[in-house]
Every structure is written in structure tokens, then in C-alpha cells.
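Engineer: Provided below: run-v3.cif, containing mmCIF, C-alpha atoms.
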```cif
data_final
loop_
_atom_site.group_PDB
_atom_site.id
_atom_site.type_symbol
_atom_site.label_atom_id
_atom_site.label_comp_id
_atom_site.auth_asym_id
_atom_site.auth_seq_id
_atom_site.Cartn_x
_atom_site.Cartn_y
_atom_site.Cartn_z
ATOM 1 C CA MET A 1 32.699 11.893 4.938
ATOM 2 C CA ALA A 2 30.586 8.827 4.134
ATOM 3 C CA HIS A 3 28.515 9.367 7.290
ATOM 4 C CA LEU A 4 27.911 13.045 6.399
ATOM 5 C CA ARG A 5 26.789 11.997 2.913
ATOM 6 C CA LEU A 6 24.563 9.314 4.467
ATOM 7 C CA ILE A 7 22.931 11.799 6.845
ATOM 8 C CA THR A 8 22.424 14.478 4.162
ATOM 9 C CA SER A 9 21.037 12.005 1.635
ATOM 10 C CA THR A 10 18.807 10.490 4.295
ATOM 11 C CA LEU A 11 17.268 13.846 5.174
ATOM 12 C CA VAL A 12 16.599 14.707 1.527
ATOM 13 C CA MET A 13 15.182 11.274 0.716
ATOM 14 C CA THR A 14 13.042 11.114 3.867
ATOM 15 C CA GLY A 15 11.460 14.434 2.931
ATOM 16 C CA THR A 16 11.026 13.153 -0.597
ATOM 17 C CA ILE A 17 9.190 10.048 0.593
ATOM 18 C CA ALA A 18 6.857 12.066 2.814
ATOM 19 C CA LEU A 19 6.114 14.500 -0.005
ATOM 20 C CA ALA A 20 5.478 11.738 -2.531
ATOM 21 C CA ILE A 21 3.153 9.883 -0.207
ATOM 22 C CA SER A 22 1.143 13.000 0.511
ATOM 23 C CA LEU A 23 0.971 14.055 -3.155
ATOM 24 C CA THR A 24 -0.011 10.667 -4.530
ATOM 25 C CA GLY A 25 -2.666 9.925 -1.946
ATOM 26 C CA CYS A 26 -1.093 6.773 -0.513
ATOM 27 C CA GLY A 27 -3.944 6.365 1.892
ATOM 28 C CA SER A 28 -7.470 5.322 1.294
ATOM 29 C CA ASN A 29 -10.092 7.987 1.840
ATOM 30 C CA PRO A 30 -13.296 8.796 -0.043
ATOM 31 C CA ILE A 31 -11.821 11.753 -1.922
ATOM 32 C CA ASP A 32 -8.801 9.746 -3.110
ATOM 33 C CA ASN A 33 -11.035 6.862 -4.136
ATOM 34 C CA ALA A 34 -13.129 9.223 -6.268
ATOM 35 C CA ILE A 35 -10.157 10.255 -8.431
ATOM 36 C CA ASP A 36 -10.078 8.359 -11.713
ATOM 37 C CA SER A 37 -6.951 6.837 -13.269
ATOM 38 C CA ALA A 38 -6.247 9.887 -15.467
ATOM 39 C CA SER A 39 -6.177 12.131 -12.414
ATOM 40 C CA ASP A 40 -3.958 9.629 -10.621
ATOM 41 C CA GLN A 41 -1.462 9.750 -13.479
ATOM 42 C CA VAL A 42 -1.441 13.565 -13.424
ATOM 43 C CA ALA A 43 -0.850 13.515 -9.648
ATOM 44 C CA GLU A 44 1.970 10.975 -9.971
ATOM 45 C CA ASN A 45 3.636 12.942 -12.779
ATOM 46 C CA GLY A 46 3.333 16.158 -10.769
ATOM 47 C CA ALA A 47 4.742 14.491 -7.658
ATOM 48 C CA GLU A 48 7.637 13.088 -9.666
ATOM 49 C CA LYS A 49 8.500 16.523 -11.102
ATOM 50 C CA ILE A 50 8.443 18.142 -7.641
ATOM 51 C CA ILE A 51 10.552 15.359 -6.124
ATOM 52 C CA GLU A 52 13.078 15.503 -8.954
ATOM 53 C CA GLY A 53 13.310 19.266 -8.442
ATOM 54 C CA LEU A 54 14.044 18.774 -4.742
ATOM 55 C CA GLY A 55 16.662 16.137 -5.534
ATOM 56 C CA GLY A 56 18.457 18.251 -8.114
ATOM 57 C CA GLY A 57 16.660 16.687 -11.082
ATOM 58 C CA ASP A 58 18.658 13.473 -11.134
ATOM 59 C CA MET A 59 16.251 11.172 -9.298
ATOM 60 C CA ASP A 60 14.491 8.306 -11.047
ATOM 61 C CA ILE A 61 11.082 7.786 -9.442
ATOM 62 C CA GLU A 62 8.980 4.631 -9.728
ATOM 63 C CA PHE A 63 5.543 4.303 -8.178
ATOM 64 C CA GLU A 64 4.509 0.885 -6.840
ATOM 65 C CA SER A 65 7.790 -0.836 -7.786
ATOM 66 C CA LEU A 66 11.346 -1.217 -6.556
ATOM 67 C CA PRO A 67 13.910 0.950 -8.302
ATOM 68 C CA GLU A 68 16.148 -0.857 -10.771
ATOM 69 C CA GLY A 69 19.317 -2.066 -9.059
ATOM 70 C CA PHE A 70 17.873 -2.014 -5.531
ATOM 71 C CA PRO A 71 20.092 -4.367 -3.486
ATOM 72 C CA GLU A 72 18.551 -7.776 -2.798
ATOM 73 C CA SER A 73 20.424 -7.937 0.520
ATOM 74 C CA VAL A 74 18.276 -5.141 2.013
ATOM 75 C CA PRO A 75 15.252 -6.702 3.742
ATOM 76 C CA LEU A 76 11.868 -5.037 3.238
ATOM 77 C CA VAL A 77 9.111 -5.648 5.772
ATOM 78 C CA SER A 78 6.419 -5.633 3.068
ATOM 79 C CA GLU A 79 6.038 -6.049 -0.699
ATOM 80 C CA ASN A 80 3.386 -3.280 -0.815
ATOM 81 C CA ILE A 81 5.635 -0.689 -2.459
ATOM 82 C CA VAL A 82 4.362 2.877 -2.680
ATOM 83 C CA LEU A 83 7.447 4.565 -4.094
ATOM 84 C CA GLY A 84 10.936 3.630 -5.222
ATOM 85 C CA ALA A 85 13.578 6.199 -6.097
ATOM 86 C CA THR A 86 17.148 6.106 -7.344
ATOM 87 C CA VAL A 87 19.647 8.927 -6.880
ATOM 88 C CA PRO A 88 22.694 8.518 -9.126
ATOM 89 C CA GLY A 89 25.998 8.432 -7.256
ATOM 90 C CA GLU A 90 28.396 11.340 -7.384
ATOM 91 C CA ASP A 91 31.960 11.112 -8.699
ATOM 92 C CA GLY A 92 31.674 7.465 -9.721
ATOM 93 C CA GLU A 93 30.111 6.328 -6.433
ATOM 94 C CA GLY A 94 27.192 3.893 -6.514
ATOM 95 C CA ASP A 95 23.527 4.842 -6.654
ATOM 96 C CA ALA A 96 21.481 5.513 -3.524
ATOM 97 C CA PHE A 97 17.904 4.284 -3.183
ATOM 98 C CA SER A 98 14.764 5.212 -1.317
ATOM 99 C CA VAL A 99 11.791 2.886 -0.926
ATOM 100 C CA SER A 100 8.522 3.379 0.884
ATOM 101 C CA VAL A 101 6.218 0.448 1.688
ATOM 102 C CA THR A 102 2.937 0.043 3.514
ATOM 103 C CA ASP A 103 2.048 -2.688 5.983
ATOM 104 C CA ASP A 104 -1.362 -3.608 7.429
ATOM 105 C CA ARG A 105 0.083 -4.058 10.929
ATOM 106 C CA ASP A 106 0.389 -1.366 13.602
ATOM 107 C CA PRO A 107 3.665 0.624 13.807
ATOM 108 C CA ALA A 108 4.928 -1.051 17.003
ATOM 109 C CA THR A 109 4.510 -4.532 15.515
ATOM 110 C CA VAL A 110 6.133 -3.486 12.240
ATOM 111 C CA ALA A 111 9.022 -1.831 14.129
ATOM 112 C CA GLU A 112 9.713 -5.115 15.941
ATOM 113 C CA GLN A 113 9.739 -6.933 12.590
ATOM 114 C CA VAL A 114 12.116 -4.360 11.075
ATOM 115 C CA LYS A 115 14.507 -4.688 14.029
ATOM 116 C CA SER A 116 14.404 -8.470 13.586
ATOM 117 C CA ASP A 117 14.997 -8.140 9.822
ATOM 118 C CA PHE A 118 18.199 -6.185 10.505
ATOM 119 C CA SER A 119 19.421 -8.314 13.425
ATOM 120 C CA GLY A 120 22.436 -9.524 11.428
ATOM 121 C CA TRP A 121 23.452 -5.987 10.479
ATOM 122 C CA GLU A 122 25.700 -3.592 12.414
ATOM 123 C CA GLU A 123 23.752 -0.787 14.067
ATOM 124 C CA ILE A 124 25.206 2.590 13.020
ATOM 125 C CA THR A 125 22.429 4.678 14.534
ATOM 126 C CA PRO A 126 20.851 3.134 17.627
ATOM 127 C CA TRP A 127 17.235 2.051 17.156
ATOM 128 C CA SER A 128 14.832 4.480 18.782
ATOM 129 C CA ASP A 129 11.612 3.008 20.131
ATOM 130 C CA THR A 130 10.318 6.566 20.452
ATOM 131 C CA MET A 131 11.043 7.539 16.834
ATOM 132 C CA LEU A 132 10.640 3.952 15.505
ATOM 133 C CA GLY A 133 13.772 4.140 13.415
ATOM 134 C CA GLY A 134 17.463 3.435 13.216
ATOM 135 C CA GLY A 135 20.440 2.917 10.953
ATOM 136 C CA PHE A 136 22.258 -0.234 9.926
ATOM 137 C CA THR A 137 25.197 -1.271 7.783
ATOM 138 C CA LYS A 138 26.324 -4.521 6.249
ATOM 139 C CA GLY A 139 28.833 -5.059 3.484
ATOM 140 C CA GLU A 140 28.561 -2.324 0.911
ATOM 141 C CA TRP A 141 25.225 -0.830 2.105
ATOM 142 C CA GLY A 142 24.068 1.543 4.821
ATOM 143 C CA VAL A 143 20.335 1.694 5.533
ATOM 144 C CA ILE A 144 18.297 4.225 7.491
ATOM 145 C CA VAL A 145 14.792 2.936 8.190
ATOM 146 C CA GLY A 146 11.813 4.576 9.856
ATOM 147 C CA VAL A 147 8.298 3.404 10.683
ATOM 148 C CA MET A 148 5.314 5.744 10.957
ATOM 149 C CA PRO A 149 1.557 5.367 11.253
ATOM 150 C CA GLY A 150 -0.358 4.988 8.010
ATOM 151 C CA ASP A 151 -3.953 6.108 7.570
ATOM 152 C CA SER A 152 -4.702 4.908 11.090
ATOM 153 C CA ASP A 153 -2.828 3.624 14.109
ATOM 154 C CA SER A 154 -3.475 0.081 12.891
ATOM 155 C CA ASP A 155 -1.350 0.283 9.724
ATOM 156 C CA SER A 156 2.127 1.568 8.898
ATOM 157 C CA ILE A 157 4.374 3.213 6.339
ATOM 158 C CA VAL A 158 8.030 2.199 6.351
ATOM 159 C CA GLY A 159 10.708 4.274 4.642
ATOM 160 C CA TYR A 160 14.114 2.898 3.701
ATOM 161 C CA THR A 161 17.059 5.007 2.536
ATOM 162 C CA VAL A 162 19.870 2.857 1.159
ATOM 163 C CA ILE A 163 23.300 4.417 0.610
ATOM 164 C CA PRO A 164 26.405 2.697 -0.714
ATOM 165 C CA GLN A 165 29.210 2.624 1.852
ATOM 166 C CA THR A 166 32.510 4.130 0.841
ATOM 167 C CA ASP A 167 35.905 3.914 2.493
#
```
Spell out the structure here as C-alpha cells.

Structural biologist:
Amino acid sequence: MAHLRLITSTLVMTGTIALAISLTGCGSNPIDNAIDSASDQVAENGAEKIIEGLGGGDMDIEFESLPEGFPESVPLVSENIVLGATVPGEDGEGDAFSVSVTDDRDPATVAEQVKSDFSGWEEITPWSDTMLGGGFTKGEWGVIVGVMPGDSDSDSIVGYTVIPQTD
């Protein structure tokens, strides 16, 4: 049951990350740079409302910061946080988290760093060099992580979905 919840939550949160990144203009292009701070706030608020709607309305979204309560034991490849989200646990279970970061290095290099970061964790979903992602567990946390190209092939976006493990 825990694995089914992990997979379902991962799919929802992965879609959420992709939507948030596209709606908030994570990348750097001339059109995005022309938007002033008021427009940025409107875009962020709109993205948050859409994401909360997709997540059933219970998600807490933070832009450019880690969500409150994010486990310190989960290694992040970069401190350049784009989005942090918390999904309250069901039936007394702990909260789940989603974090998206950017990194100036190419996806292959970042993927190697991510694999190294999780070397002390148990692999629950084998790492895929084709998809640049995998799943890990350690202690009370399960983590699904994926690496994708950023604005170009020379930078990356890394998405982490962190789910509490239940017996």
C-alpha cells in the first residue's frame, strides 16, 4: 500500500512541479525578464491556485524556499530552489514534500552527483540513465528524484518527491 501511495503521489507531484515551473517562468528568456515584479506575483499566485486545485486544495506551495518541515536527511544537489510544496498526510500519516531545484551543470553531470548523494540509501526504483531518475529509501523517507534539462542542455532542473514511509 505504501508503494502505491508513493507512486500515485509521485505522479501528481511530478506533474505539479512541471506545471509550476512552466507557469512561473523558471527559465531566463527575454519575455520573462521583461515581466515586472507585480506580474511575477500574479503569475506565482495563479500557479499556486492551479497547483492546489490539482492536488485537492491541500497543498502548501512556497516559491524559492524549502517547505517547512522538509527532512534534513534528504540531500539536495543545489540550493537554487524554484518550488517547494507540502501535501498534508492522510489519516494521521506524515506530510509529503516536493522540491524543485536548478543547477548550472549539464543533466548528465548532475545525475552523477544525485546518484552519489543517495549512495547510502536503498534503491527502491533502479536508477535509469536514460530517464535520469530513480527512487531511494532510508529510515522514514522514500524519495523519487528526476533530472531534466533546464533552459539549455548545459543546465538542469532536479525534482524531488519525498514521501514518509509507512509499515

Engineer: Taking the file as shown, find all residues satisfying the PyMOL selection byres ((chain A and resi 122) around 6) and write them as JSON, numbers by chain.

Structural biologist: {"A": [121, 123, 136, 137]}

Engineer: Taking the file as shown, find all residues satisfying the PyMOL selection byres ((chain A and resi 158) around 6) and write them as a PyMOL selection string.

Structural biologist: chain A and resi 100-101+146-147+157+159

Engineer: Interatomic distance between CA of Ser119 in chain A and CA of Ser152 in chain A?

Structural biologist: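 It comes out at 27.6 Å.
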
Engineer: If we count only C-alpha atoms, what is near range 72-87 of chain A at a cut-off of 9 Å, once residues fewer than 4 positions away on the same chain are taken out, given as a PyMOL selection string?

Structural biologist: chain A and resi 13+17+20-21+26+55+58-68+95-103+110+113-114+117-118+138+141+143+158+160+162

Engineer: Just C-alpha atoms for this one: save the residues we selected as an mmCIF file, in the frame of the given file.

Structural biologist:
```cif
data_model
loop_
_atom_site.group_PDB
_atom_site.id
_atom_site.type_symbol
_atom_site.label_atom_id
_atom_site.label_comp_id
_atom_site.auth_asym_id
_atom_site.auth_seq_id
_atom_site.Cartn_x
_atom_site.Cartn_y
_atom_site.Cartn_z
ATOM 1 C CA MET A 13 15.182 11.274 0.716
ATOM 2 C CA ILE A 17 9.190 10.048 0.593
ATOM 3 C CA ALA A 20 5.478 11.738 -2.531
ATOM 4 C CA ILE A 21 3.153 9.883 -0.207
ATOM 5 C CA CYS A 26 -1.093 6.773 -0.513
ATOM 6 C CA GLY A 55 16.662 16.137 -5.534
ATOM 7 C CA ASP A 58 18.658 13.473 -11.134
ATOM 8 C CA MET A 59 16.251 11.172 -9.298
ATOM 9 C CA ASP A 60 14.491 8.306 -11.047
ATOM 10 C CA ILE A 61 11.082 7.786 -9.442
ATOM 11 C CA GLU A 62 8.980 4.631 -9.728
ATOM 12 C CA PHE A 63 5.543 4.303 -8.178
ATOM 13 C CA GLU A 64 4.509 0.885 -6.840
ATOM 14 C CA SER A 65 7.790 -0.836 -7.786
ATOM 15 C CA LEU A 66 11.346 -1.217 -6.556
ATOM 16 C CA PRO A 67 13.910 0.950 -8.302
ATOM 17 C CA GLU A 68 16.148 -0.857 -10.771
ATOM 18 C CA ASP A 95 23.527 4.842 -6.654
ATOM 19 C CA ALA A 96 21.481 5.513 -3.524
ATOM 20 C CA PHE A 97 17.904 4.284 -3.183
ATOM 21 C CA SER A 98 14.764 5.212 -1.317
ATOM 22 C CA VAL A 99 11.791 2.886 -0.926
ATOM 23 C CA SER A 100 8.522 3.379 0.884
ATOM 24 C CA VAL A 101 6.218 0.448 1.688
ATOM 25 C CA THR A 102 2.937 0.043 3.514
ATOM 26 C CA ASP A 103 2.048 -2.688 5.983
ATOM 27 C CA VAL A 110 6.133 -3.486 12.240
ATOM 28 C CA GLN A 113 9.739 -6.933 12.590
ATOM 29 C CA VAL A 114 12.116 -4.360 11.075
ATOM 30 C CA ASP A 117 14.997 -8.140 9.822
ATOM 31 C CA PHE A 118 18.199 -6.185 10.505
ATOM 32 C CA LYS A 138 26.324 -4.521 6.249
ATOM 33 C CA TRP A 141 25.225 -0.830 2.105
ATOM 34 C CA VAL A 143 20.335 1.694 5.533
ATOM 35 C CA VAL A 158 8.030 2.199 6.351
ATOM 36 C CA TYR A 160 14.114 2.898 3.701
ATOM 37 C CA VAL A 162 19.870 2.857 1.159
#
```

Engineer: Spell out the residues picked by the PyMOL selection byres ((chain A and resi 106) around 9) here, as a PyMOL selection string.

Structural biologist: chain A and resi 103-105+107-111+149-150+152-156

Engineer: Provide the CA of Gly135 in chain A to CA of Thr161 in chain A distance in Å, to one decimal place.

Structural biologist: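 CA of Gly135 in chain A sits 9.3 Å away from CA of Thr161 in chain A.
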
Engineer: Which distance in Å separates CA of Gly89 in chain A and CA of Gly69 in chain A, to one decimal?

Structural biologist: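 Atom-to-atom, CA of Gly89 in chain A and CA of Gly69 in chain A are spaced 12.6 Å apart.
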
Engineer: Mind completing range 130-150 of chain A with N, CA and C atoms? Output as a PDB file, in the frame of the given file, please?

Structural biologist:
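Ended up saving to result_2.pdb:
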```pdb
ATOM      1  N   THR A 130      11.157   5.366  20.463  1.00  0.00           N
ATOM      2  CA  THR A 130      10.318   6.566  20.452  1.00  0.00           C
ATOM      3  C   THR A 130      10.074   7.030  19.022  1.00  0.00           C
ATOM      4  N   MET A 131      11.148   7.081  18.223  1.00  0.00           N
ATOM      5  CA  MET A 131      11.043   7.539  16.834  1.00  0.00           C
ATOM      6  C   MET A 131      10.744   6.392  15.865  1.00  0.00           C
ATOM      7  N   LEU A 132      10.837   5.149  16.329  1.00  0.00           N
ATOM      8  CA  LEU A 132      10.640   3.952  15.505  1.00  0.00           C
ATOM      9  C   LEU A 132      11.540   3.987  14.269  1.00  0.00           C
ATOM     10  N   GLY A 133      12.828   4.123  14.519  1.00  0.00           N
ATOM     11  CA  GLY A 133      13.772   4.140  13.415  1.00  0.00           C
ATOM     12  C   GLY A 133      15.185   3.915  13.880  1.00  0.00           C
ATOM     13  N   GLY A 134      16.055   3.637  12.924  1.00  0.00           N
ATOM     14  CA  GLY A 134      17.463   3.435  13.216  1.00  0.00           C
ATOM     15  C   GLY A 134      18.249   3.261  11.937  1.00  0.00           C
ATOM     16  N   GLY A 135      19.554   3.074  12.099  1.00  0.00           N
ATOM     17  CA  GLY A 135      20.440   2.917  10.953  1.00  0.00           C
ATOM     18  C   GLY A 135      21.287   1.672  11.085  1.00  0.00           C
ATOM     19  N   PHE A 136      21.542   1.040   9.949  1.00  0.00           N
ATOM     20  CA  PHE A 136      22.258  -0.234   9.926  1.00  0.00           C
ATOM     21  C   PHE A 136      23.237  -0.254   8.764  1.00  0.00           C
ATOM     22  N   THR A 137      24.258  -1.085   8.880  1.00  0.00           N
ATOM     23  CA  THR A 137      25.197  -1.271   7.783  1.00  0.00           C
ATOM     24  C   THR A 137      25.615  -2.728   7.718  1.00  0.00           C
ATOM     25  N   LYS A 138      25.845  -3.163   6.475  1.00  0.00           N
ATOM     26  CA  LYS A 138      26.324  -4.521   6.249  1.00  0.00           C
ATOM     27  C   LYS A 138      26.933  -4.554   4.848  1.00  0.00           C
ATOM     28  N   GLY A 139      28.182  -4.993   4.785  1.00  0.00           N
ATOM     29  CA  GLY A 139      28.833  -5.059   3.484  1.00  0.00           C
ATOM     30  C   GLY A 139      28.932  -3.693   2.857  1.00  0.00           C
ATOM     31  N   GLU A 140      28.427  -3.584   1.648  1.00  0.00           N
ATOM     32  CA  GLU A 140      28.561  -2.324   0.911  1.00  0.00           C
ATOM     33  C   GLU A 140      27.390  -1.359   1.081  1.00  0.00           C
ATOM     34  N   TRP A 141      26.420  -1.668   1.994  1.00  0.00           N
ATOM     35  CA  TRP A 141      25.225  -0.830   2.105  1.00  0.00           C
ATOM     36  C   TRP A 141      25.001  -0.295   3.511  1.00  0.00           C
ATOM     37  N   GLY A 142      24.572   0.947   3.590  1.00  0.00           N
ATOM     38  CA  GLY A 142      24.068   1.543   4.821  1.00  0.00           C
ATOM     39  C   GLY A 142      22.588   1.797   4.625  1.00  0.00           C
ATOM     40  N   VAL A 143      21.785   1.538   5.650  1.00  0.00           N
ATOM     41  CA  VAL A 143      20.335   1.694   5.533  1.00  0.00           C
ATOM     42  C   VAL A 143      19.817   2.476   6.729  1.00  0.00           C
ATOM     43  N   ILE A 144      19.047   3.513   6.460  1.00  0.00           N
ATOM     44  CA  ILE A 144      18.297   4.225   7.491  1.00  0.00           C
ATOM     45  C   ILE A 144      16.843   3.840   7.271  1.00  0.00           C
ATOM     46  N   VAL A 145      16.181   3.386   8.324  1.00  0.00           N
ATOM     47  CA  VAL A 145      14.792   2.936   8.190  1.00  0.00           C
ATOM     48  C   VAL A 145      13.949   3.587   9.279  1.00  0.00           C
ATOM     49  N   GLY A 146      12.737   3.977   8.910  1.00  0.00           N
ATOM     50  CA  GLY A 146      11.813   4.576   9.856  1.00  0.00           C
ATOM     51  C   GLY A 146      10.402   4.061   9.629  1.00  0.00           C
ATOM     52  N   VAL A 147       9.670   3.900  10.722  1.00  0.00           N
ATOM     53  CA  VAL A 147       8.298   3.404  10.683  1.00  0.00           C
ATOM     54  C   VAL A 147       7.387   4.504  11.197  1.00  0.00           C
ATOM     55  N   MET A 148       6.282   4.742  10.506  1.00  0.00           N
ATOM     56  CA  MET A 148       5.314   5.744  10.957  1.00  0.00           C
ATOM     57  C   MET A 148       3.904   5.227  10.737  1.00  0.00           C
ATOM     58  N   PRO A 149       2.950   5.805  11.450  1.00  0.00           N
ATOM     59  CA  PRO A 149       1.557   5.367  11.253  1.00  0.00           C
ATOM     60  C   PRO A 149       1.098   5.650   9.827  1.00  0.00           C
ATOM     61  N   GLY A 150       0.243   4.781   9.323  1.00  0.00           N
ATOM     62  CA  GLY A 150      -0.358   4.988   8.010  1.00  0.00           C
ATOM     63  C   GLY A 150      -1.621   5.822   8.158  1.00  0.00           C
TER      64      GLY A 150
END
```
